Amino acid sequence: MPKASSFRKYSRRRHPNSLSCAWLTLLTLSSVTALLTKLPGMPEIAAAGILLLALIKTRVILARYLDLAQSPAWLRGFTLVLTAFAVVIFVLYLI
């Protein structure tokens with residue numbers, strides 16, 4: 001069995017419940033998204049909230065399931081592109 005590196009950045013060890021916590025986080029965020037669609041009020045605020053929650057969920061998926069937490073530059077790049085895409089979608093929604 002390979003030894004884990006003493007450098008935190010290069011260590012591949014994760015907590016045994018890391019994926020379970022990510023799954024519970026995604027489940028919670030999906031529930032909040034569903035509740036947000038049922039709230040009366042301004043649809044623009046609901047749309048912004050839904051897009052924000054979608055961005056948080058994509059970040060969790062990229063970091064935990066696709067293991068990009070070990071590569072912060074790639075995670076930052078994907079997050080930047082997805083954030084720009086969400087902003088474009090929101091602006092098109094407002095038009």
# chains A, B, ... in the order shown; residues from 1 in each chain; ligands from 1

call {"tool": "residues_around", "arguments": {"residues": "A:Trp74", "least_positions_apart": "5", "cutoff": "10 Å", "atoms": "only C-alpha atoms", "output": "list in words"}}
result
Leu62, Ala63, Leu68, Ala69, Thr79 and Leu80 of chain A

call {"tool": "write_last_selection", "arguments": {"atoms": "C-alpha atoms", "output": "PDB file, in the first residue's frame"}}
result
ATOM      1  CA  LEU A  62     -16.300  19.040  -9.620  1.00  0.00           C
ATOM      2  CA  ALA A  63     -14.405  19.127  -6.337  1.00  0.00           C
ATOM      3  CA  LEU A  68     -10.632  18.413  -8.830  1.00  0.00           C
ATOM      4  CA  ALA A  69     -10.047  19.563  -5.262  1.00  0.00           C
ATOM      5  CA  THR A  79     -15.801  27.551 -11.888  1.00  0.00           C
ATOM      6  CA  LEU A  80     -14.974  30.717 -13.815  1.00  0.00           C
TER       7      LEU A  80
END

call {"tool": "residues_around", "arguments": {"residues": "stretch 47-57 of chain A", "least_positions_apart": "5", "cutoff": "9 Å", "atoms": "only C-alpha atoms", "output": "tab-separated table (two decimals) with all heavy atoms, in the first residue's frame"}}
result
chain	number	residue	atom	x	y	z
A	25	THR	N	-24.78	16.97	0.78
A	25	THR	CA	-24.78	18.39	0.41
A	25	THR	C	-25.60	18.61	-0.86
A	25	THR	O	-26.42	19.53	-0.94
A	25	THR	CB	-23.35	18.89	0.20
A	25	THR	OG1	-22.61	18.68	1.40
A	25	THR	CG2	-23.32	20.36	-0.17
A	26	LEU	N	-25.39	17.75	-1.86
A	26	LEU	CA	-26.15	17.86	-3.10
A	26	LEU	C	-27.64	17.63	-2.87
A	26	LEU	O	-28.49	18.31	-3.46
A	26	LEU	CB	-25.62	16.88	-4.15
A	26	LEU	CG	-24.24	17.19	-4.68
A	26	LEU	CD1	-23.76	16.05	-5.57
A	26	LEU	CD2	-24.25	18.49	-5.46
A	29	LEU	N	-28.99	20.82	-1.19
A	29	LEU	CA	-29.08	21.93	-2.14
A	29	LEU	C	-30.21	21.71	-3.14
A	29	LEU	O	-30.90	22.66	-3.52
A	29	LEU	CB	-27.75	22.11	-2.87
A	29	LEU	CG	-26.60	22.65	-2.03
A	29	LEU	CD1	-25.30	22.59	-2.80
A	29	LEU	CD2	-26.89	24.06	-1.58
A	30	SER	N	-30.44	20.48	-3.54
A	30	SER	CA	-31.55	20.18	-4.45
A	30	SER	C	-32.89	20.42	-3.76
A	30	SER	O	-33.83	20.93	-4.39
A	30	SER	CB	-31.47	18.75	-4.94
A	30	SER	OG	-30.31	18.56	-5.71
A	32	VAL	N	-33.42	22.57	-1.31
A	32	VAL	CA	-33.57	24.03	-1.19
A	32	VAL	C	-33.98	24.62	-2.54
A	32	VAL	O	-34.82	25.54	-2.60
A	32	VAL	CB	-32.26	24.67	-0.67
A	32	VAL	CG1	-32.32	26.19	-0.74
A	32	VAL	CG2	-31.98	24.21	0.74
A	33	THR	N	-33.44	24.10	-3.63
A	33	THR	CA	-33.83	24.57	-4.96
A	33	THR	C	-35.30	24.31	-5.21
A	33	THR	O	-36.02	25.17	-5.73
A	33	THR	CB	-32.98	23.88	-6.04
A	33	THR	OG1	-31.60	24.14	-5.79
A	33	THR	CG2	-33.34	24.38	-7.43
A	34	ALA	N	-35.78	23.12	-4.85
A	34	ALA	CA	-37.19	22.79	-5.03
A	34	ALA	C	-38.08	23.70	-4.18
A	34	ALA	O	-39.13	24.15	-4.65
A	34	ALA	CB	-37.44	21.33	-4.68
A	36	LEU	N	-37.32	26.71	-3.24
A	36	LEU	CA	-37.20	28.06	-3.80
A	36	LEU	C	-38.16	28.27	-4.96
A	36	LEU	O	-38.66	29.38	-5.16
A	36	LEU	CB	-35.76	28.31	-4.24
A	36	LEU	CG	-35.34	29.73	-4.57
A	36	LEU	CD1	-35.56	30.65	-3.37
A	36	LEU	CD2	-33.89	29.76	-4.98
A	37	THR	N	-38.45	27.23	-5.70
A	37	THR	CA	-39.39	27.35	-6.82
A	37	THR	C	-40.82	27.54	-6.35
A	37	THR	O	-41.65	28.05	-7.09
A	37	THR	CB	-39.33	26.12	-7.74
A	37	THR	OG1	-39.72	24.97	-7.00
A	37	THR	CG2	-37.95	25.94	-8.33
A	42	MET	N	-40.93	37.67	-6.26
A	42	MET	CA	-40.31	38.08	-7.51
A	42	MET	C	-39.62	36.90	-8.18
A	42	MET	O	-38.73	36.28	-7.59
A	42	MET	CB	-39.32	39.21	-7.24
A	42	MET	CG	-39.98	40.45	-6.68
A	42	MET	SD	-38.81	41.77	-6.35
A	42	MET	CE	-38.16	42.06	-7.95
A	62	LEU	N	-17.65	18.95	-9.07
A	62	LEU	CA	-16.30	19.04	-9.62
A	62	LEU	C	-15.24	18.74	-8.56
A	62	LEU	O	-14.26	18.04	-8.82
A	62	LEU	CB	-16.06	20.42	-10.22
A	62	LEU	CG	-16.79	20.74	-11.51
A	62	LEU	CD1	-16.63	22.22	-11.85
A	62	LEU	CD2	-16.27	19.88	-12.65
A	79	THR	N	-14.88	26.69	-12.62
A	79	THR	CA	-15.80	27.55	-11.89
A	79	THR	C	-15.98	28.89	-12.59
A	79	THR	O	-17.10	29.41	-12.69
A	79	THR	CB	-15.30	27.76	-10.45
A	79	THR	OG1	-15.15	26.49	-9.82
A	79	THR	CG2	-16.26	28.61	-9.65
A	82	LEU	N	-18.16	28.30	-15.76
A	82	LEU	CA	-19.55	28.02	-15.40
A	82	LEU	C	-20.24	29.25	-14.81
A	82	LEU	O	-21.43	29.47	-15.04
A	82	LEU	CB	-19.62	26.85	-14.43
A	82	LEU	CG	-19.26	25.50	-15.04
A	82	LEU	CD1	-19.13	24.45	-13.96
A	82	LEU	CD2	-20.31	25.09	-16.07
A	83	THR	N	-19.51	30.06	-14.07
A	83	THR	CA	-20.08	31.30	-13.54
A	83	THR	C	-20.42	32.27	-14.67
A	83	THR	O	-21.49	32.88	-14.66
A	83	THR	CB	-19.11	31.95	-12.54
A	83	THR	OG1	-18.83	31.02	-11.50
A	83	THR	CG2	-19.69	33.22	-11.95
A	86	ALA	N	-23.54	31.04	-16.32
A	86	ALA	CA	-24.72	31.31	-15.50
A	86	ALA	C	-25.12	32.78	-15.58
A	86	ALA	O	-26.31	33.11	-15.62
A	86	ALA	CB	-24.48	30.91	-14.06
A	87	VAL	N	-24.14	33.67	-15.63
A	87	VAL	CA	-24.45	35.09	-15.76
A	87	VAL	C	-25.12	35.37	-17.10
A	87	VAL	O	-26.10	36.13	-17.18
A	87	VAL	CB	-23.17	35.95	-15.57
A	87	VAL	CG1	-23.39	37.38	-15.99
A	87	VAL	CG2	-22.70	35.87	-14.14
A	89	ILE	N	-26.88	33.25	-18.86
A	89	ILE	CA	-28.23	32.70	-18.78
A	89	ILE	C	-29.15	33.65	-18.01
A	89	ILE	O	-30.29	33.90	-18.41
A	89	ILE	CB	-28.21	31.30	-18.12
A	89	ILE	CG1	-27.58	30.30	-19.06
A	89	ILE	CG2	-29.61	30.85	-17.72
A	89	ILE	CD1	-27.37	28.94	-18.44
A	90	PHE	N	-28.67	34.20	-16.89
A	90	PHE	CA	-29.50	35.10	-16.11
A	90	PHE	C	-29.82	36.39	-16.86
A	90	PHE	O	-30.94	36.88	-16.81
A	90	PHE	CB	-28.80	35.41	-14.78
A	90	PHE	CG	-29.65	36.20	-13.83
A	90	PHE	CD1	-30.83	35.67	-13.33
A	90	PHE	CD2	-29.28	37.48	-13.45
A	90	PHE	CE1	-31.61	36.40	-12.46
A	90	PHE	CE2	-30.06	38.21	-12.57
A	90	PHE	CZ	-31.24	37.67	-12.08
A	93	TYR	N	-32.43	35.65	-19.31
A	93	TYR	CA	-33.70	35.48	-18.62
A	93	TYR	C	-34.34	36.83	-18.33
A	93	TYR	O	-35.56	37.00	-18.44
A	93	TYR	CB	-33.50	34.70	-17.32
A	93	TYR	CG	-34.73	34.63	-16.47
A	93	TYR	CD1	-35.78	33.77	-16.79
A	93	TYR	CD2	-34.87	35.42	-15.34
A	93	TYR	CE1	-36.91	33.71	-16.01
A	93	TYR	CE2	-36.00	35.38	-14.55
A	93	TYR	CZ	-37.02	34.51	-14.88
A	93	TYR	OH	-38.15	34.45	-14.12

call {"tool": "closest_residue", "arguments": {"among": "A:Phe78, A:Pro40, A:Ala84, A:Ile45", "to": "A:Val60", "atoms": "only C-alpha atoms"}}
result
A:Phe78

call {"tool": "closest_residue", "arguments": {"among": "A:Ser71, A:Arg76, A:Trp23, A:Glu44", "to": "A:Arg59", "atoms": "only C-alpha atoms"}}
result
A:Arg76

call {"tool": "select_by_dssp", "arguments": {"residues": "chain A", "states": "alpha helix (DSSP H)", "output": "ChimeraX atom specification"}}
result
/A:18-38,43-60,72-94

call {"tool": "closest_residue", "arguments": {"among": "A:Asp67, A:Lys38, A:Val81, A:Pro72", "to": "A:Ser18", "atoms": "only C-alpha atoms"}}
result
A:Asp67
